[in-house]
>>> print(open('input_33.cif').read())   # mmCIF, C-alpha atoms
data_final
#
loop_
_atom_site.label_atom_id
_atom_site.label_comp_id
_atom_site.auth_asym_id
_atom_site.auth_seq_id
_atom_site.Cartn_x
_atom_site.Cartn_y
_atom_site.Cartn_z
CA MET A 165 -24.23 -8.45 -13.74
CA ASN A 166 -25.78 -11.58 -12.30
CA PHE A 167 -24.49 -13.07 -9.05
CA VAL A 168 -26.07 -16.46 -9.72
CA GLN A 169 -24.13 -16.60 -12.98
CA LEU A 170 -20.90 -16.07 -11.01
CA PHE A 171 -21.27 -19.57 -9.59
CA SER A 172 -21.62 -21.06 -13.06
CA ASP A 173 -18.66 -19.06 -14.42
CA TYR A 174 -16.29 -19.77 -11.51
CA SER A 175 -15.80 -22.68 -9.12
CA LEU A 176 -16.81 -22.31 -5.47
CA VAL A 177 -13.15 -22.62 -4.44
CA THR A 178 -12.21 -19.70 -6.72
CA ILE A 179 -15.01 -17.50 -5.39
CA VAL A 180 -14.28 -18.31 -1.71
CA SER A 181 -10.52 -17.73 -2.29
CA LEU A 182 -11.21 -14.35 -3.88
CA VAL A 183 -13.59 -13.38 -1.07
CA VAL A 184 -11.02 -14.28 1.62
CA LEU A 185 -8.18 -12.59 -0.27
CA SER A 186 -10.23 -9.43 -0.76
CA PHE A 187 -10.99 -9.28 2.96
CA VAL A 188 -7.36 -9.87 3.98
CA ALA A 189 -6.12 -7.33 1.40
CA GLY A 190 -8.60 -4.77 2.74
CA PHE A 191 -7.49 -5.46 6.31
CA ILE A 192 -3.75 -5.14 5.56
CA ASP A 193 -4.31 -2.13 3.35
CA ALA A 194 -6.29 -0.40 6.10
CA VAL A 195 -3.61 -0.99 8.73
CA VAL A 196 -0.37 -0.38 6.87
CA GLY A 197 -1.36 0.31 3.28
CA GLY A 198 0.81 -2.63 2.39
CA ALA A 199 -1.48 -4.80 0.38
CA ASP A 200 -0.79 -2.91 -2.75
CA MET B 289 -9.50 0.59 -4.08
CA SER B 290 -12.98 0.42 -2.52
CA GLY B 291 -11.51 -0.69 0.80
CA THR B 292 -8.75 1.92 0.64
CA SER B 293 -11.32 4.70 0.10
CA VAL B 294 -13.32 3.59 3.14
CA ALA B 295 -10.15 3.30 5.25
CA ALA B 296 -9.00 6.74 4.07
CA TYR B 297 -12.37 8.20 5.14
CA GLN B 298 -12.16 6.53 8.56
CA TYR B 299 -8.59 7.78 9.13
CA SER B 300 -9.54 11.29 7.97
CA ARG B 301 -11.81 11.60 10.99
CA ARG B 302 -8.82 11.10 13.31
CA VAL B 303 -5.89 12.55 11.33
CA ARG B 304 -5.58 16.13 10.13
CA PHE B 305 -4.16 16.23 6.63
CA ASP B 306 -1.79 18.80 5.18
CA PHE B 307 -3.49 18.84 1.78
CA ARG B 308 -0.67 20.76 0.09
CA LEU B 309 1.84 18.09 1.15
CA LEU B 310 -0.59 15.34 0.18
CA LEU B 311 -1.11 16.86 -3.28
CA VAL B 312 2.63 17.28 -3.92
CA ILE B 313 3.43 13.68 -2.90
CA SER B 314 0.51 12.35 -4.97
CA VAL B 315 1.55 14.25 -8.11
CA PHE B 316 5.20 13.10 -7.89
CA SER B 317 4.15 9.55 -7.03
CA PHE B 318 1.67 9.43 -9.92
CA ALA B 319 4.27 10.66 -12.45
CA ALA B 320 7.05 8.40 -11.12
CA SER B 321 4.71 5.41 -11.12
CA TYR B 322 4.01 6.00 -14.82
CA VAL B 323 7.76 6.22 -15.56
CA GLY B 324 8.36 3.07 -13.48
CA ALA B 325 5.71 1.15 -15.42
CA LYS B 326 7.30 2.27 -18.70
CA THR B 327 10.79 1.27 -17.47
CA VAL B 328 9.69 -2.33 -16.78
CA SER B 329 9.90 -3.09 -20.49
CA LEU B 330 13.48 -1.73 -20.67
CA ILE B 331 15.09 -3.45 -17.67
CA ASN B 332 14.90 -7.08 -16.56
CA VAL B 333 12.94 -6.86 -13.29
CA ASP B 334 14.56 -10.07 -11.96
CA THR B 335 18.01 -8.46 -11.85
CA LEU B 336 16.78 -5.86 -9.35
CA LYS B 337 14.97 -8.28 -7.04
CA PRO B 338 18.08 -9.05 -4.89
CA ILE B 339 18.48 -5.31 -4.24
CA VAL B 340 14.85 -5.04 -3.10
CA LEU B 341 15.37 -8.10 -0.88
CA VAL B 342 18.37 -6.46 0.86
CA ILE B 343 16.43 -3.19 1.31
CA LEU B 344 13.48 -5.09 2.82
CA ILE B 345 15.75 -6.93 5.28
CA LEU B 346 17.35 -3.62 6.34
CA ILE B 347 13.87 -2.09 6.81
CA ALA B 348 12.71 -5.06 8.90
CA VAL B 349 15.83 -4.98 11.12
CA TYR B 350 15.63 -1.18 11.53
CA THR B 351 11.92 -1.24 12.44
CA PHE B 352 12.45 -4.16 14.82
CA MET B 353 15.42 -2.56 16.59
CA LYS B 354 13.78 0.86 16.96
CA LYS B 355 10.93 -0.05 19.29
CA ASP B 356 9.70 3.54 19.58
CA LEU B 357 9.73 4.13 15.82
CA GLY B 358 6.59 6.01 14.81
CA SER B 359 5.03 5.80 18.24
CA LEU B 360 5.21 9.57 18.67
CA PRO B 361 5.35 12.35 16.08
CA SER B 362 8.87 13.75 15.74
CA ARG B 363 8.55 16.96 13.80
CA LEU B 364 12.01 16.93 12.29
CA LEU B 365 11.34 19.01 9.18
CA SER B 366 9.97 22.46 8.45
CA GLY B 367 6.97 22.84 6.12
CA ARG B 368 9.13 23.60 3.08
CA ARG B 369 11.53 20.73 3.79
CA GLN B 370 8.56 18.42 4.26
CA LEU B 371 7.44 19.32 0.75
CA VAL B 372 10.92 18.67 -0.70
CA PHE B 373 11.44 15.35 1.08
CA GLY B 374 7.79 14.37 0.53
CA SER B 375 8.34 14.88 -3.22
CA LEU B 376 11.44 12.67 -3.08
CA ILE B 377 9.50 9.94 -1.25
CA GLY B 378 6.77 10.26 -3.90
CA LEU B 379 9.34 9.92 -6.68
CA VAL B 380 11.21 6.92 -5.27
CA VAL B 381 8.22 4.95 -3.96
CA GLY B 382 6.05 5.94 -6.93
CA PHE B 383 8.71 4.60 -9.30
CA TYR B 384 8.86 1.38 -7.26
CA ASP B 385 5.05 1.16 -7.49
CA GLY B 386 5.11 1.30 -11.26
CA PHE B 387 8.13 -0.99 -11.53
CA PHE B 388 7.53 -3.70 -8.88
CA GLY B 389 4.32 -2.87 -7.01
CA PRO B 390 4.05 -5.10 -3.93
CA GLY B 391 4.32 -3.30 -0.61
CA THR B 392 4.18 0.22 -2.00
CA GLY B 393 1.99 1.36 0.88
CA SER B 394 4.46 -0.01 3.43
CA PHE B 395 7.32 1.90 1.79
CA PHE B 396 5.27 5.09 1.90
CA VAL B 397 4.51 4.50 5.58
CA LEU B 398 8.18 3.94 6.43
CA GLY B 399 9.27 6.97 4.39
CA PHE B 400 6.77 9.20 6.16
CA VAL B 401 7.77 7.87 9.60
CA VAL B 402 11.56 7.94 9.16
CA ILE B 403 12.01 10.96 6.89
CA LEU B 404 9.03 13.22 7.59
CA GLY B 405 8.82 12.32 11.29
CA PHE B 406 5.17 11.18 11.24
CA GLU B 407 3.79 8.69 13.74
CA PHE B 408 2.52 5.41 12.23
CA LEU B 409 -1.16 6.39 12.36
CA ARG B 410 -0.66 9.62 10.38
CA ALA B 411 1.77 7.92 7.97
CA SER B 412 -0.72 5.13 7.29
CA ALA B 413 -3.51 7.66 6.65
CA TYR B 414 -1.36 9.56 4.11
CA ALA B 415 -0.30 6.32 2.40
CA LYS B 416 -3.93 5.34 1.97
CA ILE B 417 -4.95 8.58 0.25
CA ILE B 418 -2.00 8.35 -2.18
CA ASN B 419 -2.66 4.66 -2.84
CA CYS B 420 -6.25 5.53 -3.61
CA ILE B 421 -5.23 8.11 -6.23
CA THR B 422 -2.70 5.83 -7.96
CA ASN B 423 -5.17 2.91 -7.89
CA LEU B 424 -7.84 5.08 -9.47
CA SER B 425 -5.59 5.79 -12.44
CA ALA B 426 -4.88 2.05 -12.84
CA LEU B 427 -8.61 1.26 -12.60
CA ILE B 428 -9.44 3.77 -15.33
CA VAL B 429 -6.85 2.15 -17.62
CA PHE B 430 -8.18 -1.37 -16.95
CA VAL B 431 -11.84 -0.41 -17.45
CA ARG B 432 -11.03 1.44 -20.67
CA GLN B 433 -9.17 -1.64 -21.91
CA GLY B 434 -12.20 -3.78 -21.11
CA ASN B 435 -10.34 -5.82 -18.47
CA PHE B 436 -13.18 -5.59 -15.95
CA LEU B 437 -15.54 -8.24 -14.54
CA PRO B 438 -18.43 -6.31 -12.89
CA GLY B 439 -19.98 -9.20 -10.90
CA LEU B 440 -16.72 -10.46 -9.47
CA ALA B 441 -15.46 -6.91 -8.92
CA LEU B 442 -18.53 -5.97 -6.86
CA LEU B 443 -18.32 -9.10 -4.72
CA MET B 444 -14.60 -8.52 -4.05
CA ALA B 445 -15.18 -4.80 -3.43
CA VAL B 446 -17.74 -5.59 -0.70
CA CYS B 447 -15.33 -8.05 1.01
CA ASN B 448 -12.47 -5.58 0.60
CA VAL B 449 -14.53 -2.85 2.32
CA LEU B 450 -15.41 -5.25 5.18
CA GLY B 451 -11.71 -6.10 5.65
CA SER B 452 -10.80 -2.46 5.44
CA VAL B 453 -13.37 -1.38 8.03
CA THR B 454 -12.18 -4.15 10.40
CA GLY B 455 -8.52 -3.20 9.86
CA SER B 456 -8.91 0.55 10.24
CA ARG B 457 -11.10 0.16 13.36
CA MET B 458 -8.47 -2.10 14.94
CA ALA B 459 -5.65 0.28 13.94
CA LEU B 460 -7.45 3.34 15.32
CA LYS B 461 -8.37 1.47 18.52
CA LYS B 462 -5.01 -0.21 19.20
CA GLY B 463 -2.79 2.59 17.87
CA ASN B 464 0.80 2.86 16.65
CA GLY B 465 2.14 -0.30 18.36
CA PHE B 466 -0.38 -2.47 16.51
CA ILE B 467 0.37 -0.80 13.15
CA ARG B 468 4.13 -1.27 13.75
CA MET B 469 3.59 -4.97 14.49
CA VAL B 470 1.47 -5.56 11.36
CA PHE B 471 4.02 -3.55 9.36
CA LEU B 472 6.80 -5.90 10.53
CA VAL B 473 4.72 -8.98 9.63
CA ILE B 474 4.02 -7.62 6.13
CA VAL B 475 7.69 -6.70 5.51
CA SER B 476 8.72 -10.19 6.72
CA LEU B 477 6.23 -11.83 4.33
CA MET B 478 7.58 -9.71 1.49
CA ILE B 479 11.14 -10.81 2.37
CA LEU B 480 10.01 -14.44 2.15
CA ARG B 481 8.28 -13.79 -1.16
CA TYR B 482 11.31 -12.11 -2.75
CA ALA B 483 13.67 -14.73 -1.28
CA TYR B 484 11.47 -17.45 -2.78
CA ASP B 485 11.49 -15.70 -6.16
CA ILE B 486 15.29 -15.33 -6.10
CA PHE B 487 16.50 -18.59 -4.54
CA VAL B 488 13.78 -21.16 -5.26
CA LYS B 489 11.76 -20.14 -8.30
CA GLN B 490 14.69 -19.19 -10.55
#
>>> encode(input="input_33.cif", output="structure tokens")
Amino acid sequence: MNFVQLFSDYSLVTIVSLVVLSFVAGFIDAVVGGAD
Amino acid sequence: MSGTSVAAYQYSRRVRFDFRLLLVISVFSFAASYVGAKTVSLINVDTLKPIVLVILILIAVYTFMKKDLGSLPSRLLSGRRQLVFGSLIGLVVGFYDGFFGPGTGSFFVLGFVVILGFEFLRASAYAKIINCITNLSALIVFVRQGNFLPGLALLMAVCNVLGSVTGSRMALKKGNGFIRMVFLVIVSLMILRYAYDIFVKQ
């Protein structure tokens, strides 16, 4: 598991999108349990 | 899953759980979810999407019209009846979870509020625990199948926990009105998603 390798395996746009989506999913899930 | 666990822990400090009820709902939900997942291969999912769309619209209208929905606990059912109706909610929503998936938590929340008489905060806390259990089973299956990317998973788990902590703190601070509002937004987004699938994508 190497975080530096993440940036060579995936584009920056992909990583940022996943980061934002994870945060939003966590937020929604915490409030209404509706992200899943 | 990581975020849900953290949120469940945060809610557990404010909400007292009836662990017998929680266990019964989880067991029925878990079993029904498995049956639902198996049924997907037998029925064309697209044919049922219009039904889900109508149900979602009815839920949105009902929640919007009933301004006081879930703002106060309304203990409508006795302990035994809670177990019976909780099992039914577990069966129906669990099956939906295995079959369709999106918005399962919201359906649990609404079921707990409307049928069991919970306020939104308690309903949301219960939904989180059950979600956590069903997600754990899915995670075990994925890891065993080798469909797991540790680096990406850890990064997303950290962000998920941050979102979860932010969301649960806001929910606990602002209360049932805030949860009801977010619930309506999520149901509305799901209506748009299903409408898009039915009318535009097909």
>>> residues_around(input="input_33.cif", residues="Gly190 of chain A", least_positions_apart="4", cutoff="12 Å", atoms="all atoms listed in the file", output="VMD selection string")
(chain A and resid 182 to 186 194 to 200) or (chain B and resid 289 to 296 416 444 to 457)
>>> atom_distance(input="input_33.cif", atom1="atom CA of Thr422 of chain B", atom2="atom CA of Ile474 of chain B")
20.6 Å
>>> atom_distance(input="input_33.cif", atom1="atom CA of Asp485 of chain B", atom2="atom CA of Lys337 of chain B")
8.2 Å
>>> residues_around(input="input_33.cif", residues="Thr327 of chain B", least_positions_apart="5", cutoff="12 Å", atoms="only C-alpha atoms", output="JSON, numbers by chain")
{"B": [320, 321, 322, 332, 333, 383, 384, 385, 386, 387, 388]}
>>> residues_around(input="input_33.cif", residues="Leu310 of chain B", least_positions_apart="4", cutoff="10 Å", atoms="all atoms listed in the file", output="PDB file with C-alpha atoms, in the coordinates of the input")
ATOM      1  CA  PHE B 305      -4.160  16.230   6.630  1.00  0.00           C
ATOM      2  CA  ASP B 306      -1.790  18.800   5.180  1.00  0.00           C
ATOM      3  CA  SER B 314       0.510  12.350  -4.970  1.00  0.00           C
ATOM      4  CA  VAL B 315       1.550  14.250  -8.110  1.00  0.00           C
ATOM      5  CA  LEU B 371       7.440  19.320   0.750  1.00  0.00           C
ATOM      6  CA  GLY B 374       7.790  14.370   0.530  1.00  0.00           C
ATOM      7  CA  SER B 375       8.340  14.880  -3.220  1.00  0.00           C
ATOM      8  CA  GLY B 378       6.770  10.260  -3.900  1.00  0.00           C
ATOM      9  CA  TYR B 414      -1.360   9.560   4.110  1.00  0.00           C
ATOM     10  CA  ALA B 415      -0.300   6.320   2.400  1.00  0.00           C
ATOM     11  CA  ILE B 417      -4.950   8.580   0.250  1.00  0.00           C
ATOM     12  CA  ILE B 418      -2.000   8.350  -2.180  1.00  0.00           C
TER      13      ILE B 418
END
>>> atom_distance(input="input_33.cif", atom1="atom CA of Asp334 of chain B", atom2="atom CA of Val402 of chain B")
27.9 Å
>>> residues_around(input="input_33.cif", residues="segment 462-473 of chain B", least_positions_apart="4", cutoff="7 Å", atoms="all atoms listed in the file", output="number ranges by chain")
A: 195-196; B: 348, 358-359, 394, 408-409, 458, 477
>>> closest_residue(input="input_33.cif", among="B:Leu437, B:Ala459, B:Gly391, B:Lys326", to="Asp173 of chain A", atoms="only C-alpha atoms")
B:Leu437
>>> closest_residue(input="input_33.cif", among="B:Leu427, B:Leu404, B:Ala411, B:Lys489", to="Ser366 of chain B", atoms="only C-alpha atoms")
B:Leu404
>>> closest_residue(input="input_33.cif", among="B:Val397, B:Ile403, B:Ile421, B:Val488", to="chain A", atoms="all atoms listed in the file")
B:Val397
>>> decode(input="input_33.cif", residues="segment 344-465 of chain B", atoms="C-alpha atoms", output="PDB file, in the first residue's frame")
ATOM      1  CA  LEU B 344     -40.414   7.820  -3.685  1.00  0.00           C
ATOM      2  CA  ILE B 345     -42.738  10.611  -4.857  1.00  0.00           C
ATOM      3  CA  LEU B 346     -45.384   9.536  -2.309  1.00  0.00           C
ATOM      4  CA  ILE B 347     -42.716   9.491   0.438  1.00  0.00           C
ATOM      5  CA  ALA B 348     -41.476  12.964  -0.527  1.00  0.00           C
ATOM      6  CA  VAL B 349     -45.016  14.429  -0.591  1.00  0.00           C
ATOM      7  CA  TYR B 350     -45.944  12.741   2.709  1.00  0.00           C
ATOM      8  CA  THR B 351     -42.777  13.946   4.480  1.00  0.00           C
ATOM      9  CA  PHE B 352     -43.189  17.452   3.057  1.00  0.00           C
ATOM     10  CA  MET B 353     -46.856  17.733   4.058  1.00  0.00           C
ATOM     11  CA  LYS B 354     -46.349  16.383   7.580  1.00  0.00           C
ATOM     12  CA  LYS B 355     -44.167  19.135   9.005  1.00  0.00           C
ATOM     13  CA  ASP B 356     -44.057  17.577  12.482  1.00  0.00           C
ATOM     14  CA  LEU B 357     -43.139  14.119  11.182  1.00  0.00           C
ATOM     15  CA  GLY B 358     -40.448  12.607  13.385  1.00  0.00           C
ATOM     16  CA  SER B 359     -39.954  15.757  15.411  1.00  0.00           C
ATOM     17  CA  LEU B 360     -41.230  14.066  18.565  1.00  0.00           C
ATOM     18  CA  PRO B 361     -41.324  10.388  19.525  1.00  0.00           C
ATOM     19  CA  SER B 362     -44.838   8.958  19.168  1.00  0.00           C
ATOM     20  CA  ARG B 363     -44.811   5.647  20.952  1.00  0.00           C
ATOM     21  CA  LEU B 364     -47.552   4.013  18.929  1.00  0.00           C
ATOM     22  CA  LEU B 365     -46.575   0.375  19.389  1.00  0.00           C
ATOM     23  CA  SER B 366     -45.998  -1.944  22.321  1.00  0.00           C
ATOM     24  CA  GLY B 367     -42.654  -3.763  22.663  1.00  0.00           C
ATOM     25  CA  ARG B 368     -43.964  -6.954  21.042  1.00  0.00           C
ATOM     26  CA  ARG B 369     -45.629  -5.081  18.176  1.00  0.00           C
ATOM     27  CA  GLN B 370     -42.428  -3.111  17.660  1.00  0.00           C
ATOM     28  CA  LEU B 371     -40.606  -6.405  17.160  1.00  0.00           C
ATOM     29  CA  VAL B 372     -43.220  -7.651  14.657  1.00  0.00           C
ATOM     30  CA  PHE B 373     -43.352  -4.429  12.637  1.00  0.00           C
ATOM     31  CA  GLY B 374     -39.575  -3.958  12.959  1.00  0.00           C
ATOM     32  CA  SER B 375     -39.129  -7.423  11.410  1.00  0.00           C
ATOM     33  CA  LEU B 376     -41.447  -6.460   8.545  1.00  0.00           C
ATOM     34  CA  ILE B 377     -39.484  -3.246   7.940  1.00  0.00           C
ATOM     35  CA  GLY B 378     -36.281  -5.319   7.975  1.00  0.00           C
ATOM     36  CA  LEU B 379     -37.751  -7.751   5.443  1.00  0.00           C
ATOM     37  CA  VAL B 380     -39.095  -5.156   3.007  1.00  0.00           C
ATOM     38  CA  VAL B 381     -36.212  -2.667   3.157  1.00  0.00           C
ATOM     39  CA  GLY B 382     -33.613  -5.443   3.376  1.00  0.00           C
ATOM     40  CA  PHE B 383     -35.021  -6.997   0.195  1.00  0.00           C
ATOM     41  CA  TYR B 384     -34.909  -3.568  -1.487  1.00  0.00           C
ATOM     42  CA  ASP B 385     -31.278  -3.215  -0.345  1.00  0.00           C
ATOM     43  CA  GLY B 386     -30.273  -6.449  -2.020  1.00  0.00           C
ATOM     44  CA  PHE B 387     -32.377  -5.773  -5.108  1.00  0.00           C
ATOM     45  CA  PHE B 388     -31.890  -2.031  -5.812  1.00  0.00           C
ATOM     46  CA  GLY B 389     -29.698  -0.568  -3.072  1.00  0.00           C
ATOM     47  CA  PRO B 390     -29.764   3.244  -3.318  1.00  0.00           C
ATOM     48  CA  GLY B 391     -31.449   5.006  -0.428  1.00  0.00           C
ATOM     49  CA  THR B 392     -31.834   1.966   1.801  1.00  0.00           C
ATOM     50  CA  GLY B 393     -30.945   3.997   4.877  1.00  0.00           C
ATOM     51  CA  SER B 394     -33.609   6.592   4.043  1.00  0.00           C
ATOM     52  CA  PHE B 395     -36.262   3.877   3.735  1.00  0.00           C
ATOM     53  CA  PHE B 396     -35.240   2.477   7.113  1.00  0.00           C
ATOM     54  CA  VAL B 397     -35.459   5.952   8.645  1.00  0.00           C
ATOM     55  CA  LEU B 398     -38.935   6.551   7.223  1.00  0.00           C
ATOM     56  CA  GLY B 399     -40.136   3.093   8.280  1.00  0.00           C
ATOM     57  CA  PHE B 400     -38.926   3.652  11.832  1.00  0.00           C
ATOM     58  CA  VAL B 401     -40.504   7.126  12.007  1.00  0.00           C
ATOM     59  CA  VAL B 402     -43.883   6.299  10.430  1.00  0.00           C
ATOM     60  CA  ILE B 403     -44.428   2.727  11.622  1.00  0.00           C
ATOM     61  CA  LEU B 404     -42.471   2.423  14.873  1.00  0.00           C
ATOM     62  CA  GLY B 405     -43.118   6.024  15.963  1.00  0.00           C
ATOM     63  CA  PHE B 406     -39.449   6.998  16.389  1.00  0.00           C
ATOM     64  CA  GLU B 407     -38.251  10.580  16.083  1.00  0.00           C
ATOM     65  CA  PHE B 408     -35.797  11.234  13.229  1.00  0.00           C
ATOM     66  CA  LEU B 409     -32.697  11.218  15.451  1.00  0.00           C
ATOM     67  CA  ARG B 410     -33.429   7.770  16.924  1.00  0.00           C
ATOM     68  CA  ALA B 411     -34.519   6.404  13.520  1.00  0.00           C
ATOM     69  CA  SER B 412     -31.305   7.617  11.906  1.00  0.00           C
ATOM     70  CA  ALA B 413     -29.206   6.026  14.672  1.00  0.00           C
ATOM     71  CA  TYR B 414     -30.939   2.644  14.211  1.00  0.00           C
ATOM     72  CA  ALA B 415     -30.575   2.847  10.415  1.00  0.00           C
ATOM     73  CA  LYS B 416     -26.856   3.419  10.791  1.00  0.00           C
ATOM     74  CA  ILE B 417     -26.257   0.351  12.964  1.00  0.00           C
ATOM     75  CA  ILE B 418     -28.215  -1.881  10.541  1.00  0.00           C
ATOM     76  CA  ASN B 419     -26.445  -0.376   7.522  1.00  0.00           C
ATOM     77  CA  CYS B 420     -23.143  -1.083   9.199  1.00  0.00           C
ATOM     78  CA  ILE B 421     -23.994  -4.772   9.663  1.00  0.00           C
ATOM     79  CA  THR B 422     -25.222  -5.276   6.081  1.00  0.00           C
ATOM     80  CA  ASN B 423     -22.209  -3.363   4.698  1.00  0.00           C
ATOM     81  CA  LEU B 424     -19.854  -5.557   6.693  1.00  0.00           C
ATOM     82  CA  SER B 425     -21.247  -8.670   5.030  1.00  0.00           C
ATOM     83  CA  ALA B 426     -20.812  -7.067   1.587  1.00  0.00           C
ATOM     84  CA  LEU B 427     -17.246  -6.027   2.462  1.00  0.00           C
ATOM     85  CA  ILE B 428     -16.339  -9.567   3.506  1.00  0.00           C
ATOM     86  CA  VAL B 429     -17.639 -10.892   0.166  1.00  0.00           C
ATOM     87  CA  PHE B 430     -15.694  -8.280  -1.843  1.00  0.00           C
ATOM     88  CA  VAL B 431     -12.431  -8.816   0.067  1.00  0.00           C
ATOM     89  CA  ARG B 432     -12.714 -12.584  -0.262  1.00  0.00           C
ATOM     90  CA  GLN B 433     -13.270 -12.174  -4.004  1.00  0.00           C
ATOM     91  CA  GLY B 434     -10.150 -10.014  -4.212  1.00  0.00           C
ATOM     92  CA  ASN B 435     -12.102  -6.913  -5.300  1.00  0.00           C
ATOM     93  CA  PHE B 436     -10.280  -4.620  -2.879  1.00  0.00           C
ATOM     94  CA  LEU B 437      -7.821  -1.751  -3.459  1.00  0.00           C
ATOM     95  CA  PRO B 438      -6.145  -1.089  -0.056  1.00  0.00           C
ATOM     96  CA  GLY B 439      -4.547   2.297  -0.860  1.00  0.00           C
ATOM     97  CA  LEU B 440      -7.636   3.812  -2.420  1.00  0.00           C
ATOM     98  CA  ALA B 441      -9.882   2.212   0.204  1.00  0.00           C
ATOM     99  CA  LEU B 442      -7.893   3.765   3.073  1.00  0.00           C
ATOM    100  CA  LEU B 443      -7.901   7.224   1.483  1.00  0.00           C
ATOM    101  CA  MET B 444     -11.669   7.054   0.870  1.00  0.00           C
ATOM    102  CA  ALA B 445     -12.286   5.633   4.356  1.00  0.00           C
ATOM    103  CA  VAL B 446     -10.515   8.621   5.957  1.00  0.00           C
ATOM    104  CA  CYS B 447     -12.587  11.108   3.889  1.00  0.00           C
ATOM    105  CA  ASN B 448     -15.746   9.112   4.603  1.00  0.00           C
ATOM    106  CA  VAL B 449     -15.066   9.309   8.358  1.00  0.00           C
ATOM    107  CA  LEU B 450     -14.461  13.084   8.103  1.00  0.00           C
ATOM    108  CA  GLY B 451     -17.782  13.525   6.257  1.00  0.00           C
ATOM    109  CA  SER B 452     -19.504  11.288   8.739  1.00  0.00           C
ATOM    110  CA  VAL B 453     -18.172  13.154  11.777  1.00  0.00           C
ATOM    111  CA  THR B 454     -19.231  16.490  10.216  1.00  0.00           C
ATOM    112  CA  GLY B 455     -22.701  15.119   9.360  1.00  0.00           C
ATOM    113  CA  SER B 456     -23.424  13.461  12.683  1.00  0.00           C
ATOM    114  CA  ARG B 457     -22.211  16.514  14.648  1.00  0.00           C
ATOM    115  CA  MET B 458     -24.512  18.767  12.594  1.00  0.00           C
ATOM    116  CA  ALA B 459     -27.432  16.334  12.978  1.00  0.00           C
ATOM    117  CA  LEU B 460     -26.973  16.035  16.747  1.00  0.00           C
ATOM    118  CA  LYS B 461     -26.572  19.811  17.085  1.00  0.00           C
ATOM    119  CA  LYS B 462     -29.421  20.917  14.809  1.00  0.00           C
ATOM    120  CA  GLY B 463     -31.813  18.049  15.597  1.00  0.00           C
ATOM    121  CA  ASN B 464     -34.833  16.486  13.893  1.00  0.00           C
ATOM    122  CA  GLY B 465     -35.738  19.472  11.667  1.00  0.00           C
TER     123      GLY B 465
END
